[in-house]
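Data block for final_3.pdb (PDB, C-alpha atoms):
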```
ATOM      1  CA  MET A   1     -58.058 -38.894 -51.809
ATOM      2  CA  ALA A   2     -56.270 -42.136 -52.442
ATOM      3  CA  GLY A   3     -53.618 -42.912 -49.900
ATOM      4  CA  ALA A   4     -51.942 -45.934 -48.420
ATOM      5  CA  VAL A   5     -51.154 -47.585 -45.137
ATOM      6  CA  MET A   6     -47.603 -48.322 -44.067
ATOM      7  CA  LEU A   7     -47.370 -51.378 -41.849
ATOM      8  CA  TYR A   8     -44.434 -51.537 -39.476
ATOM      9  CA  ASP A   9     -43.303 -53.239 -36.310
ATOM     10  CA  ARG A  10     -40.368 -50.984 -35.588
ATOM     11  CA  LEU A  11     -39.892 -47.522 -37.014
ATOM     12  CA  ARG A  12     -36.469 -47.375 -38.554
ATOM     13  CA  TRP A  13     -34.849 -44.383 -40.195
ATOM     14  CA  GLU A  14     -36.407 -45.574 -43.458
ATOM     15  CA  GLU A  15     -39.988 -45.601 -42.191
ATOM     16  CA  LYS A  16     -39.593 -42.152 -40.679
ATOM     17  CA  GLU A  17     -38.218 -40.865 -43.988
ATOM     18  CA  LEU A  18     -41.182 -42.411 -45.804
ATOM     19  CA  MET A  19     -43.547 -40.587 -43.447
ATOM     20  CA  LYS A  20     -41.747 -37.284 -44.050
ATOM     21  CA  ALA A  21     -41.677 -37.822 -47.807
ATOM     22  CA  ALA A  22     -45.404 -38.564 -47.862
ATOM     23  CA  GLU A  23     -46.103 -35.417 -45.901
ATOM     24  CA  ARG A  24     -43.963 -33.327 -48.248
ATOM     25  CA  ARG A  25     -45.794 -34.699 -51.253
ATOM     26  CA  GLY A  26     -49.241 -34.414 -49.710
ATOM     27  CA  PHE A  27     -49.774 -38.155 -49.936
ATOM     28  CA  GLU A  28     -51.825 -39.633 -47.151
ATOM     29  CA  LEU A  29     -49.712 -42.363 -45.558
ATOM     30  CA  ARG A  30     -51.215 -43.795 -42.407
ATOM     31  CA  THR A  31     -48.878 -45.827 -40.238
ATOM     32  CA  VAL A  32     -50.164 -48.921 -38.497
ATOM     33  CA  ASP A  33     -48.214 -50.996 -35.991
ATOM     34  CA  VAL A  34     -48.773 -54.666 -36.856
ATOM     35  CA  LYS A  35     -48.128 -55.586 -33.239
ATOM     36  CA  SER A  36     -51.461 -53.965 -32.370
ATOM     37  CA  LEU A  37     -53.503 -55.736 -35.037
ATOM     38  CA  VAL A  38     -55.753 -58.729 -34.639
ATOM     39  CA  LEU A  39     -56.201 -60.208 -38.033
ATOM     40  CA  ALA A  40     -58.825 -62.358 -39.630
ATOM     41  CA  PRO A  41     -59.246 -62.467 -43.388
ATOM     42  CA  GLY A  42     -62.170 -60.663 -44.922
ATOM     43  CA  ARG A  43     -63.784 -57.347 -45.658
ATOM     44  CA  SER A  44     -63.268 -55.828 -42.221
ATOM     45  CA  ILE A  45     -59.492 -55.915 -42.506
ATOM     46  CA  ALA A  46     -59.665 -54.513 -46.022
ATOM     47  CA  MET A  47     -61.967 -51.750 -44.749
ATOM     48  CA  GLU A  48     -59.681 -50.990 -41.830
ATOM     49  CA  LEU A  49     -56.491 -50.771 -43.864
ATOM     50  CA  GLY A  50     -57.765 -49.694 -47.266
ATOM     51  CA  PRO A  51     -56.864 -50.899 -50.744
ATOM     52  CA  LEU A  52     -53.103 -50.245 -50.696
ATOM     53  CA  VAL A  53     -50.507 -51.263 -48.130
ATOM     54  CA  LEU A  54     -46.763 -50.720 -47.996
ATOM     55  CA  GLN A  55     -45.456 -53.586 -45.901
ATOM     56  CA  ARG A  56     -42.359 -52.533 -43.956
ATOM     57  CA  CYS A  57     -42.147 -55.022 -41.091
ATOM     58  CA  MET A  58     -38.714 -55.686 -39.754
ATOM     59  CA  SER A  59     -39.756 -59.200 -38.807
ATOM     60  CA  HIS A  60     -39.820 -61.334 -41.929
ATOM     61  CA  TYR A  61     -42.517 -63.680 -40.670
ATOM     62  CA  ARG A  62     -44.837 -60.905 -39.556
ATOM     63  CA  GLY A  63     -44.497 -59.300 -42.967
ATOM     64  CA  LEU A  64     -44.942 -62.578 -44.756
ATOM     65  CA  TYR A  65     -48.107 -63.733 -43.036
ATOM     66  CA  ILE A  66     -49.772 -60.363 -42.934
ATOM     67  CA  SER A  67     -49.171 -60.014 -46.680
ATOM     68  CA  ALA A  68     -50.842 -63.366 -47.327
ATOM     69  CA  LEU A  69     -53.814 -62.421 -45.215
ATOM     70  CA  LEU A  70     -54.184 -58.980 -46.737
ATOM     71  CA  GLU A  71     -53.961 -60.256 -50.287
ATOM     72  CA  ALA A  72     -56.607 -62.856 -49.467
ATOM     73  CA  SER A  73     -58.781 -59.949 -48.328
ATOM     74  CA  GLY A  74     -58.321 -58.062 -51.595
ATOM     75  CA  VAL A  75     -55.679 -55.604 -50.437
ATOM     76  CA  ARG A  76     -52.795 -54.688 -52.761
ATOM     77  CA  VAL A  77     -49.577 -55.186 -50.829
ATOM     78  CA  ILE A  78     -46.153 -53.825 -51.764
ATOM     79  CA  ASN A  79     -44.095 -55.952 -51.872
ATOM     80  CA  SER A  80     -46.380 -58.832 -52.665
ATOM     81  CA  PHE A  81     -46.606 -61.979 -50.583
ATOM     82  CA  LYS A  82     -44.848 -63.813 -53.399
ATOM     83  CA  THR A  83     -41.912 -61.411 -53.368
ATOM     84  CA  THR A  84     -41.564 -61.518 -49.597
ATOM     85  CA  ARG A  85     -41.722 -65.308 -49.604
ATOM     86  CA  LEU A  86     -39.107 -65.682 -52.331
ATOM     87  CA  CYS A  87     -36.762 -62.979 -51.116
ATOM     88  CA  GLY A  88     -37.070 -63.650 -47.392
ATOM     89  CA  ASP A  89     -35.706 -67.107 -48.019
ATOM     90  CA  LYS A  90     -32.212 -67.100 -49.491
ATOM     91  CA  LEU A  91     -32.555 -70.590 -50.870
ATOM     92  CA  LEU A  92     -35.778 -69.775 -52.710
ATOM     93  CA  THR A  93     -34.218 -66.559 -54.035
ATOM     94  CA  SER A  94     -31.213 -68.461 -55.388
ATOM     95  CA  ILE A  95     -33.463 -71.047 -57.012
ATOM     96  CA  GLU A  96     -35.562 -68.326 -58.636
ATOM     97  CA  LEU A  97     -32.469 -66.542 -59.950
ATOM     98  CA  TYR A  98     -31.092 -69.826 -61.243
ATOM     99  CA  LYS A  99     -34.386 -70.630 -63.001
ATOM    100  CA  ALA A 100     -34.358 -67.255 -64.711
ATOM    101  CA  GLY A 101     -30.779 -67.715 -65.883
ATOM    102  CA  ILE A 102     -29.537 -64.764 -63.846
ATOM    103  CA  PRO A 103     -25.863 -65.153 -62.898
ATOM    104  CA  THR A 104     -25.692 -65.972 -59.193
ATOM    105  CA  PRO A 105     -23.049 -67.670 -57.032
ATOM    106  CA  ARG A 106     -23.146 -71.477 -57.141
ATOM    107  CA  PHE A 107     -25.042 -72.924 -54.214
ATOM    108  CA  ALA A 108     -26.138 -76.198 -52.720
ATOM    109  CA  VAL A 109     -28.544 -77.289 -50.044
ATOM    110  CA  ALA A 110     -28.118 -80.172 -47.617
ATOM    111  CA  PHE A 111     -30.331 -81.460 -44.843
ATOM    112  CA  THR A 112     -27.824 -82.935 -42.424
ATOM    113  CA  ALA A 113     -24.475 -81.741 -41.129
ATOM    114  CA  GLU A 114     -22.814 -84.709 -42.786
ATOM    115  CA  SER A 115     -24.217 -84.016 -46.235
ATOM    116  CA  ALA A 116     -23.529 -80.302 -45.762
ATOM    117  CA  LEU A 117     -19.843 -81.115 -45.287
ATOM    118  CA  LYS A 118     -19.889 -83.014 -48.563
ATOM    119  CA  ALA A 119     -21.572 -80.058 -50.230
ATOM    120  CA  ILE A 120     -18.860 -77.750 -48.904
ATOM    121  CA  GLU A 121     -16.192 -80.079 -50.268
ATOM    122  CA  SER A 122     -17.828 -80.189 -53.662
ATOM    123  CA  LEU A 123     -18.274 -76.403 -53.884
ATOM    124  CA  GLY A 124     -14.714 -75.982 -52.628
ATOM    125  CA  LEU A 125     -13.167 -74.031 -49.779
ATOM    126  CA  PRO A 126     -13.634 -71.331 -48.760
ATOM    127  CA  ALA A 127     -17.421 -71.526 -48.774
ATOM    128  CA  VAL A 128     -20.192 -69.465 -47.258
ATOM    129  CA  LEU A 129     -22.744 -70.901 -44.840
ATOM    130  CA  LYS A 130     -25.918 -68.866 -44.504
ATOM    131  CA  PRO A 131     -29.128 -69.221 -42.580
ATOM    132  CA  ILE A 132     -31.908 -69.273 -45.175
ATOM    133  CA  VAL A 133     -33.871 -66.684 -43.230
ATOM    134  CA  GLY A 134     -32.037 -63.802 -41.671
ATOM    135  CA  SER A 135     -30.454 -60.513 -42.421
ATOM    136  CA  HIS A 136     -27.754 -57.985 -41.624
ATOM    137  CA  GLY A 137     -25.146 -60.703 -42.128
ATOM    138  CA  ARG A 138     -26.224 -62.484 -38.937
ATOM    139  CA  LEU A 139     -24.739 -65.998 -38.682
ATOM    140  CA  VAL A 140     -23.387 -65.756 -42.198
ATOM    141  CA  SER A 141     -20.071 -67.582 -41.979
ATOM    142  CA  LEU A 142     -17.083 -67.839 -44.225
ATOM    143  CA  VAL A 143     -15.544 -71.270 -43.685
ATOM    144  CA  ASP A 144     -12.083 -72.043 -44.899
ATOM    145  CA  ASP A 145     -11.491 -75.368 -43.226
ATOM    146  CA  LEU A 146     -13.609 -78.433 -42.777
ATOM    147  CA  SER A 147     -13.193 -78.825 -39.033
ATOM    148  CA  LEU A 148     -14.512 -75.295 -38.520
ATOM    149  CA  ALA A 149     -17.356 -76.072 -40.911
ATOM    150  CA  LYS A 150     -18.191 -79.183 -38.915
ATOM    151  CA  ALA A 151     -18.326 -77.233 -35.656
ATOM    152  CA  LEU A 152     -20.567 -74.564 -37.187
ATOM    153  CA  LEU A 153     -22.908 -77.149 -38.656
ATOM    154  CA  GLU A 154     -23.172 -78.931 -35.315
ATOM    155  CA  HIS A 155     -24.069 -75.647 -33.652
ATOM    156  CA  GLU A 156     -26.701 -74.969 -36.278
ATOM    157  CA  GLU A 157     -28.198 -78.406 -35.790
ATOM    158  CA  ALA A 158     -28.321 -77.804 -32.042
ATOM    159  CA  MET A 159     -30.242 -74.547 -32.457
ATOM    160  CA  GLY A 160     -33.519 -76.416 -32.383
ATOM    161  CA  ASN A 161     -35.303 -74.507 -35.106
ATOM    162  CA  GLY A 162     -35.947 -76.786 -38.090
ATOM    163  CA  LEU A 163     -34.898 -74.049 -40.489
ATOM    164  CA  HIS A 164     -31.362 -74.298 -39.156
ATOM    165  CA  ARG A 165     -31.198 -77.870 -40.376
ATOM    166  CA  VAL A 166     -31.658 -76.720 -43.931
ATOM    167  CA  HIS A 167     -28.060 -75.947 -44.732
ATOM    168  CA  TYR A 168     -27.523 -73.422 -47.457
ATOM    169  CA  ILE A 169     -24.017 -73.415 -48.823
ATOM    170  CA  GLN A 170     -22.777 -70.880 -51.309
ATOM    171  CA  GLU A 171     -19.481 -70.659 -53.134
ATOM    172  CA  TYR A 172     -17.271 -67.857 -51.928
ATOM    173  CA  VAL A 173     -16.896 -65.374 -54.746
ATOM    174  CA  PRO A 174     -13.427 -63.775 -54.871
ATOM    175  CA  LYS A 175     -14.140 -60.111 -55.379
ATOM    176  CA  PRO A 176     -13.051 -56.654 -54.272
ATOM    177  CA  SER A 177     -13.872 -56.054 -50.590
ATOM    178  CA  ARG A 178     -17.174 -54.539 -51.581
ATOM    179  CA  ASP A 179     -20.474 -55.363 -53.189
ATOM    180  CA  ILE A 180     -23.090 -53.291 -54.956
ATOM    181  CA  ARG A 181     -26.520 -52.487 -53.591
ATOM    182  CA  ALA A 182     -29.032 -51.300 -56.171
ATOM    183  CA  VAL A 183     -32.304 -49.944 -54.834
ATOM    184  CA  VAL A 184     -35.092 -50.711 -57.273
ATOM    185  CA  VAL A 185     -38.396 -48.865 -57.138
ATOM    186  CA  GLY A 186     -40.952 -49.869 -59.728
ATOM    187  CA  GLU A 187     -39.032 -50.361 -62.927
ATOM    188  CA  GLU A 188     -36.161 -48.097 -62.105
ATOM    189  CA  VAL A 189     -32.891 -48.304 -60.167
ATOM    190  CA  VAL A 190     -33.241 -45.143 -58.081
ATOM    191  CA  ALA A 191     -29.940 -45.330 -56.191
ATOM    192  CA  SER A 192     -26.902 -47.542 -56.102
ATOM    193  CA  ILE A 193     -23.959 -47.781 -53.771
ATOM    194  CA  TYR A 194     -20.839 -49.763 -53.146
ATOM    195  CA  ARG A 195     -20.826 -51.319 -49.709
ATOM    196  CA  TYR A 196     -17.269 -51.714 -48.458
ATOM    197  CA  ALA A 197     -16.505 -54.304 -45.786
ATOM    198  CA  PRO A 198     -15.063 -52.745 -42.641
ATOM    199  CA  GLU A 199     -11.507 -53.547 -41.548
ATOM    200  CA  GLY A 200     -11.109 -57.141 -40.412
ATOM    201  CA  GLU A 201     -14.501 -58.176 -41.783
ATOM    202  CA  TRP A 202     -15.469 -59.891 -45.018
ATOM    203  CA  ARG A 203     -19.184 -59.081 -44.866
ATOM    204  CA  THR A 204     -20.239 -55.781 -46.400
ATOM    205  CA  ASN A 205     -23.541 -55.254 -44.585
ATOM    206  CA  VAL A 206     -23.987 -51.700 -43.359
ATOM    207  CA  ALA A 207     -25.282 -53.348 -40.149
ATOM    208  CA  VAL A 208     -21.821 -54.820 -39.449
ATOM    209  CA  GLY A 209     -20.137 -51.493 -40.121
ATOM    210  CA  GLY A 210     -19.932 -51.580 -43.912
ATOM    211  CA  ARG A 211     -19.295 -48.213 -45.522
ATOM    212  CA  ALA A 212     -21.509 -46.899 -48.314
ATOM    213  CA  GLU A 213     -20.164 -44.984 -51.293
ATOM    214  CA  PRO A 214     -22.004 -43.866 -54.400
ATOM    215  CA  CYS A 215     -21.728 -46.214 -57.358
ATOM    216  CA  LYS A 216     -22.454 -45.399 -60.952
ATOM    217  CA  LEU A 217     -24.004 -48.538 -62.369
ATOM    218  CA  THR A 218     -22.961 -49.805 -65.752
ATOM    219  CA  GLY A 219     -25.774 -50.500 -68.171
ATOM    220  CA  GLU A 220     -25.174 -54.190 -67.646
ATOM    221  CA  ALA A 221     -25.431 -53.934 -63.862
ATOM    222  CA  GLU A 222     -28.599 -51.881 -64.078
ATOM    223  CA  GLU A 223     -30.189 -54.335 -66.449
ATOM    224  CA  LEU A 224     -29.229 -57.231 -64.190
ATOM    225  CA  ALA A 225     -30.636 -55.546 -61.069
ATOM    226  CA  LEU A 226     -33.929 -54.798 -62.810
ATOM    227  CA  LYS A 227     -34.141 -58.320 -64.161
ATOM    228  CA  ALA A 228     -33.498 -59.818 -60.716
ATOM    229  CA  ALA A 229     -36.190 -57.611 -59.203
ATOM    230  CA  LYS A 230     -38.570 -58.612 -61.939
ATOM    231  CA  VAL A 231     -38.170 -62.383 -61.583
ATOM    232  CA  VAL A 232     -39.179 -62.185 -57.925
ATOM    233  CA  GLY A 233     -41.931 -59.659 -58.672
ATOM    234  CA  GLY A 234     -40.184 -57.053 -56.527
ATOM    235  CA  GLU A 235     -41.500 -53.489 -56.607
ATOM    236  CA  VAL A 236     -39.409 -51.899 -53.865
ATOM    237  CA  VAL A 237     -36.333 -54.043 -53.316
ATOM    238  CA  GLY A 238     -32.602 -53.923 -52.746
ATOM    239  CA  VAL A 239     -30.620 -56.041 -55.166
ATOM    240  CA  ASP A 240     -27.141 -57.059 -54.022
ATOM    241  CA  LEU A 241     -24.602 -57.592 -56.777
ATOM    242  CA  MET A 242     -21.084 -58.992 -56.572
ATOM    243  CA  GLU A 243     -18.228 -58.211 -58.924
ATOM    244  CA  GLY A 244     -16.923 -61.713 -59.640
ATOM    245  CA  ARG A 245     -13.899 -62.502 -61.785
ATOM    246  CA  ASP A 246     -16.097 -63.550 -64.681
ATOM    247  CA  GLY A 247     -18.648 -60.817 -64.340
ATOM    248  CA  LEU A 248     -21.468 -59.599 -62.179
ATOM    249  CA  LEU A 249     -23.488 -61.944 -60.011
ATOM    250  CA  VAL A 250     -26.743 -61.314 -58.194
ATOM    251  CA  ASN A 251     -26.373 -62.433 -54.601
ATOM    252  CA  GLU A 252     -29.619 -61.504 -52.877
ATOM    253  CA  VAL A 253     -32.771 -59.490 -53.273
ATOM    254  CA  ASN A 254     -34.019 -57.737 -50.135
ATOM    255  CA  PRO A 255     -37.773 -57.279 -49.869
ATOM    256  CA  THR A 256     -37.919 -54.685 -47.062
ATOM    257  CA  VAL A 257     -34.961 -52.741 -48.303
ATOM    258  CA  GLU A 258     -33.091 -50.480 -45.915
ATOM    259  CA  PHE A 259     -31.913 -47.460 -47.852
ATOM    260  CA  LYS A 260     -30.315 -45.185 -45.305
ATOM    261  CA  GLY A 261     -26.821 -45.899 -46.631
ATOM    262  CA  ALA A 262     -27.940 -45.498 -50.240
ATOM    263  CA  SER A 263     -29.814 -42.244 -49.556
ATOM    264  CA  GLN A 264     -27.046 -40.655 -47.561
ATOM    265  CA  ALA A 265     -24.225 -41.707 -49.882
ATOM    266  CA  THR A 266     -25.951 -40.673 -53.109
ATOM    267  CA  GLY A 267     -28.162 -37.819 -51.939
ATOM    268  CA  VAL A 268     -31.096 -39.457 -53.699
ATOM    269  CA  ASP A 269     -34.444 -39.072 -51.961
ATOM    270  CA  VAL A 270     -35.210 -42.806 -52.040
ATOM    271  CA  ALA A 271     -38.167 -42.398 -49.683
ATOM    272  CA  GLY A 272     -39.631 -39.783 -52.046
ATOM    273  CA  LYS A 273     -39.255 -42.206 -54.957
ATOM    274  CA  VAL A 274     -41.108 -44.891 -53.013
ATOM    275  CA  ILE A 275     -43.961 -42.509 -52.201
ATOM    276  CA  GLU A 276     -44.068 -41.411 -55.848
ATOM    277  CA  TYR A 277     -44.438 -45.060 -56.804
ATOM    278  CA  LEU A 278     -47.232 -45.533 -54.257
ATOM    279  CA  GLU A 279     -49.006 -42.529 -55.759
ATOM    280  CA  GLU A 280     -48.826 -44.125 -59.193
ATOM    281  CA  VAL A 281     -50.118 -47.467 -57.934
ATOM    282  CA  ALA A 282     -52.910 -45.758 -55.969
ATOM    283  CA  LYS A 283     -54.094 -44.046 -59.165
ATOM    284  CA  ARG A 284     -54.335 -47.278 -61.163
TER     285      ARG A 284
ATOM    286  CA  MET B 285     -39.092 -33.414 -23.821
ATOM    287  CA  LYS B 286     -37.976 -36.021 -21.323
ATOM    288  CA  VAL B 287     -39.482 -39.208 -19.930
ATOM    289  CA  LYS B 288     -38.343 -41.205 -16.926
ATOM    290  CA  CYS B 289     -36.664 -44.513 -17.624
ATOM    291  CA  PRO B 290     -38.738 -47.228 -15.901
ATOM    292  CA  GLU B 291     -35.591 -49.331 -15.599
ATOM    293  CA  CYS B 292     -33.119 -46.969 -13.953
ATOM    294  CA  GLY B 293     -34.946 -43.692 -13.396
ATOM    295  CA  GLY B 294     -32.722 -41.803 -15.821
ATOM    296  CA  ASP B 295     -34.011 -39.011 -18.067
ATOM    297  CA  ILE B 296     -34.689 -40.176 -21.621
ATOM    298  CA  PRO B 297     -34.646 -37.334 -24.134
ATOM    299  CA  VAL B 298     -37.544 -37.474 -26.583
ATOM    300  CA  PRO B 299     -37.530 -35.264 -29.694
ATOM    301  CA  ASP B 300     -40.360 -32.730 -29.926
ATOM    302  CA  ASP B 301     -41.500 -34.138 -33.263
ATOM    303  CA  VAL B 302     -41.655 -37.692 -31.900
ATOM    304  CA  VAL B 303     -44.041 -40.074 -33.650
ATOM    305  CA  VAL B 304     -45.750 -43.206 -32.395
ATOM    306  CA  GLY B 305     -43.518 -46.193 -32.982
ATOM    307  CA  GLU B 306     -40.291 -44.275 -32.574
ATOM    308  CA  ILE B 307     -37.520 -45.903 -30.568
ATOM    309  CA  VAL B 308     -35.838 -43.921 -27.803
ATOM    310  CA  SER B 309     -33.075 -45.142 -25.567
ATOM    311  CA  CYS B 310     -32.002 -44.305 -22.057
ATOM    312  CA  PRO B 311     -28.614 -42.576 -22.049
ATOM    313  CA  ASP B 312     -27.918 -43.949 -18.556
ATOM    314  CA  CYS B 313     -28.719 -47.649 -18.798
ATOM    315  CA  GLY B 314     -29.025 -48.132 -22.559
ATOM    316  CA  GLN B 315     -32.461 -49.754 -22.470
ATOM    317  CA  GLU B 316     -34.497 -49.150 -25.638
ATOM    318  CA  TYR B 317     -38.134 -48.106 -25.529
ATOM    319  CA  GLU B 318     -40.847 -47.734 -28.108
ATOM    320  CA  VAL B 319     -43.157 -44.726 -27.937
ATOM    321  CA  TYR B 320     -46.629 -46.244 -28.182
ATOM    322  CA  GLU B 321     -48.915 -43.333 -27.430
ATOM    323  CA  LEU B 322     -48.768 -39.565 -27.460
ATOM    324  CA  GLY B 323     -51.056 -38.124 -24.828
ATOM    325  CA  PRO B 324     -51.536 -34.831 -23.005
ATOM    326  CA  GLU B 325     -49.219 -36.090 -20.252
ATOM    327  CA  GLY B 326     -46.468 -36.719 -22.757
ATOM    328  CA  PRO B 327     -45.278 -39.744 -24.667
ATOM    329  CA  LYS B 328     -45.911 -43.187 -23.230
ATOM    330  CA  ILE B 329     -43.173 -45.734 -23.624
ATOM    331  CA  ARG B 330     -42.808 -49.469 -23.343
ATOM    332  CA  GLN B 331     -39.806 -51.727 -23.644
ATOM    333  CA  ALA B 332     -38.822 -52.148 -27.301
ATOM    334  CA  GLU B 333     -38.569 -55.608 -28.738
ATOM    335  CA  VAL B 334     -35.092 -57.067 -28.942
ATOM    336  CA  ALA B 335     -33.782 -58.063 -32.365
ATOM    337  CA  ALA B 336     -35.053 -61.442 -33.418
ATOM    338  CA  GLU B 337     -33.590 -63.930 -35.803
ATOM    339  CA  ASP B 338     -35.964 -63.059 -38.628
ATOM    340  CA  TRP B 339     -35.386 -59.318 -38.389
ATOM    341  CA  GLY B 340     -33.879 -57.496 -41.264
ATOM    342  CA  GLU B 341     -34.497 -56.247 -44.705
TER     343      GLU B 341
END
```
Would you put the structure from the file into structure tokens?
Amino acid sequence: MAGAVMLYDRLRWEEKELMKAAERRGFELRTVDVKSLVLAPGRSIAMELGPLVLQRCMSHYRGLYISALLEASGVRVINSFKTTRLCGDKLLTSIELYKAGIPTPRFAVAFTAESALKAIESLGLPAVLKPIVGSHGRLVSLVDDLSLAKALLEHEEAMGNGLHRVHYIQEYVPKPSRDIRAVVVGEEVVASIYRYAPEGEWRTNVAVGGRAEPCKLTGEAEELALKAAKVVGGEVVGVDLMEGRDGLLVNEVNPTVEFKGASQATGVDVAGKVIEYLEEVAKR
Amino acid sequence: MKVKCPECGGDIPVPDDVVVGEIVSCPDCGQEYEVYELGPEGPKIRQAEVAAEDWGE
């Protein structure tokens, strides 16, 4: 019987739900810890893991490189290497959205603290500084004065990692204290929620205490979420939308989507939908 | 089920339906562990990785 392997490095609520959903549906989902693997491209890795892999690593780089290696060995990976590469990097995601004409907040990139300050001035205050790789709102900063921006940029430059010297600056979008998370599986939005920022916080990430509430998507929002997923080749992704003054904007697309908030707030069996999708792909 | 915390000696509760890869934490000292093997002598644990910069969704 056709099944799949789920690669992980840390079992979150989501991965455990996927295991339970697979069991309920009688779909063989073998879990493999990437931390235990030694990988070289070729037939042996394809034999060991089989033709279909659901990549659910919490570490972006582990997920990224293993996807590249698996695809080179003929394994079908969900999400694809391309999707993980584009979505794991906020700058590349923004560029891809821009290319496709999908409304997204204005952004700029600068390679020194000095030029980043100029970029902030040109986008206007307040502005958002984001690491290009990272999640859960970590180190995402809202800057509303230039001296604070300067201090933050100097800290980033001192962090040593070259990626921190690629400064991604995004306009701050005035919006209600919430955003919209649409979970896309295949060609369908299976669940959508509002994520409300907690008291005293501007970020809406569930990881910083954001509250999830069910959200009925408008046709426009649904279309936009599906389009955003499509331009990055996403099969199982979380699309974050903002309600700007002039309409909806796509902020980010998350390639290893966490759907605990969405499942619990909407009652939708997101894990079941993902397994259903794997079943379909396995049959092809 | 319970396992001894290698850090502080406290009792870490482990659910009966535990699976390999699951994270358990010591109620006494807060240290997180990953269950890496399920054997006849009970689950084996090792220190869980701490969140890294590239972790997320």
Determine, using all atoms listed in the file, which residues of chain B have any atom at most 10 Å from an atom of chain A, and tabulate each with its shortest atom pair and distance in Å to one decimal place, rows ordered by chain and then rising number, as a tab-separated table.
```
residue	atom	partner	partner_atom	distance
B:Val303	CA	A:Lys16	CA	8.6
B:Val304	CA	A:Leu11	CA	8.6
B:Gly305	CA	A:Leu11	CA	5.6
B:Glu306	CA	A:Leu11	CA	5.5
B:Ile307	CA	A:Leu11	CA	7.1
B:Glu318	CA	A:Arg10	CA	8.2
B:Tyr320	CA	A:Asp33	CA	9.3
B:Ala332	CA	A:Arg10	CA	8.5
B:Glu333	CA	A:Arg10	CA	8.5
B:Ala335	CA	A:Ser59	CA	8.9
B:Ala336	CA	A:Ser59	CA	7.5
B:Glu337	CA	A:Gly134	CA	6.1
B:Asp338	CA	A:Gly134	CA	5.0
B:Trp339	CA	A:Ser59	CA	4.4
B:Gly340	CA	A:Ser135	CA	4.7
B:Glu341	CA	A:Thr256	CA	4.4
```
May I have the selected residues written with C-alpha atoms, as a compact mmCIF listing (two decimals), keeping the file's coordinate frame?
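Output below, filename again_4.txt:
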```txt
# COMPACT_ATOMS: atom_id res chain seq x y z
CA VAL B 303 -44.04 -40.07 -33.65
CA VAL B 304 -45.75 -43.21 -32.40
CA GLY B 305 -43.52 -46.19 -32.98
CA GLU B 306 -40.29 -44.28 -32.57
CA ILE B 307 -37.52 -45.90 -30.57
CA GLU B 318 -40.85 -47.73 -28.11
CA TYR B 320 -46.63 -46.24 -28.18
CA ALA B 332 -38.82 -52.15 -27.30
CA GLU B 333 -38.57 -55.61 -28.74
CA ALA B 335 -33.78 -58.06 -32.36
CA ALA B 336 -35.05 -61.44 -33.42
CA GLU B 337 -33.59 -63.93 -35.80
CA ASP B 338 -35.96 -63.06 -38.63
CA TRP B 339 -35.39 -59.32 -38.39
CA GLY B 340 -33.88 -57.50 -41.26
CA GLU B 341 -34.50 -56.25 -44.70
```
Counting all atoms listed in the file, figure out which residue out of A:Val166, A:Glu220, A:Leu142, A:Asp246 gets nearest to Glu201 (chain A).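 Among the listed residues, the smallest separation from Glu201 (chain A) belongs to A:Leu142.
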Rounded to one decimal, what separation in Å do you get between CA of Val231 (chain A) and CA of Asp89 (chain A)?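 CA of Asp89 (chain A) lies at a distance of 14.6 Å from CA of Val231 (chain A).
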Starting from the point (-37.2, -42.7, -24.8), work out which residues of protein, DNA or RNA have an atom no more than 7 Å away when counting all atoms listed in the file; state them as a PyMOL selection string. chain B and resi 287+296-298+307-310+317+329
Selection from above, C-alpha atoms, as a PDB file, in the frame of the given file, can you write it?
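Here's the written file part-v3.pdb:
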```pdb
ATOM      1  CA  VAL B 287     -39.482 -39.208 -19.930  1.00  0.00           C
ATOM      2  CA  ILE B 296     -34.689 -40.176 -21.621  1.00  0.00           C
ATOM      3  CA  PRO B 297     -34.646 -37.334 -24.134  1.00  0.00           C
ATOM      4  CA  VAL B 298     -37.544 -37.474 -26.583  1.00  0.00           C
ATOM      5  CA  ILE B 307     -37.520 -45.903 -30.568  1.00  0.00           C
ATOM      6  CA  VAL B 308     -35.838 -43.921 -27.803  1.00  0.00           C
ATOM      7  CA  SER B 309     -33.075 -45.142 -25.567  1.00  0.00           C
ATOM      8  CA  CYS B 310     -32.002 -44.305 -22.057  1.00  0.00           C
ATOM      9  CA  TYR B 317     -38.134 -48.106 -25.529  1.00  0.00           C
ATOM     10  CA  ILE B 329     -43.173 -45.734 -23.624  1.00  0.00           C
TER      11      ILE B 329
END
```
Test item: which residues lie within 12 Å of (-24.1, -59.1, -48.8) counting all atoms listed in the file, as a PyMOL selection string: (chain A and resi 90+105+128+130+134-138+140-141+172-173+175+177-182+194-197+201-208+210+238-243+249-254) or (chain B and resi 341)
Using only C-alpha atoms, determine which residues lie at most 12 Å from Tyr65 (chain A), disregarding the query and same-chain residues fewer than 6 positions distant; provide the list as an MDAnalysis selection string. chainID A and resid 34 39:41 55 57 59 71:72 77 80:82 84:85 88
Considering only C-alpha atoms, state which residue in the set B:Pro299, B:Cys313, B:Lys286, B:Glu291 is at the smallest distance from Gln331 (chain B). B:Glu291
Taking the file as shown, what set of residues would the PyMOL selection byres ((chain A and resi 100) around 12) give back, as a list in words?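 Listing what the PyMOL selection byres ((chain A and resi 100) around 12) selects in the shown file: Thr93, Ser94, Ile95, Glu96, Leu97, Tyr98, Lys99, Gly101, Ile102, Pro103, Thr104, Leu224, Lys227, Ala228, Ala229, Lys230, Val231, Val232 and Val250 of chain A.
Once the PyMOL selection byres ((chain A and resi 27) around 9) is applied to the shown structure, the selection contains Met1, Ala2, Gly3, Ala4, Ala21, Ala22, Glu23, Arg24, Arg25, Gly26, Glu28, Leu29, Ile275, Glu276, Leu278 and Glu279 of chain A.
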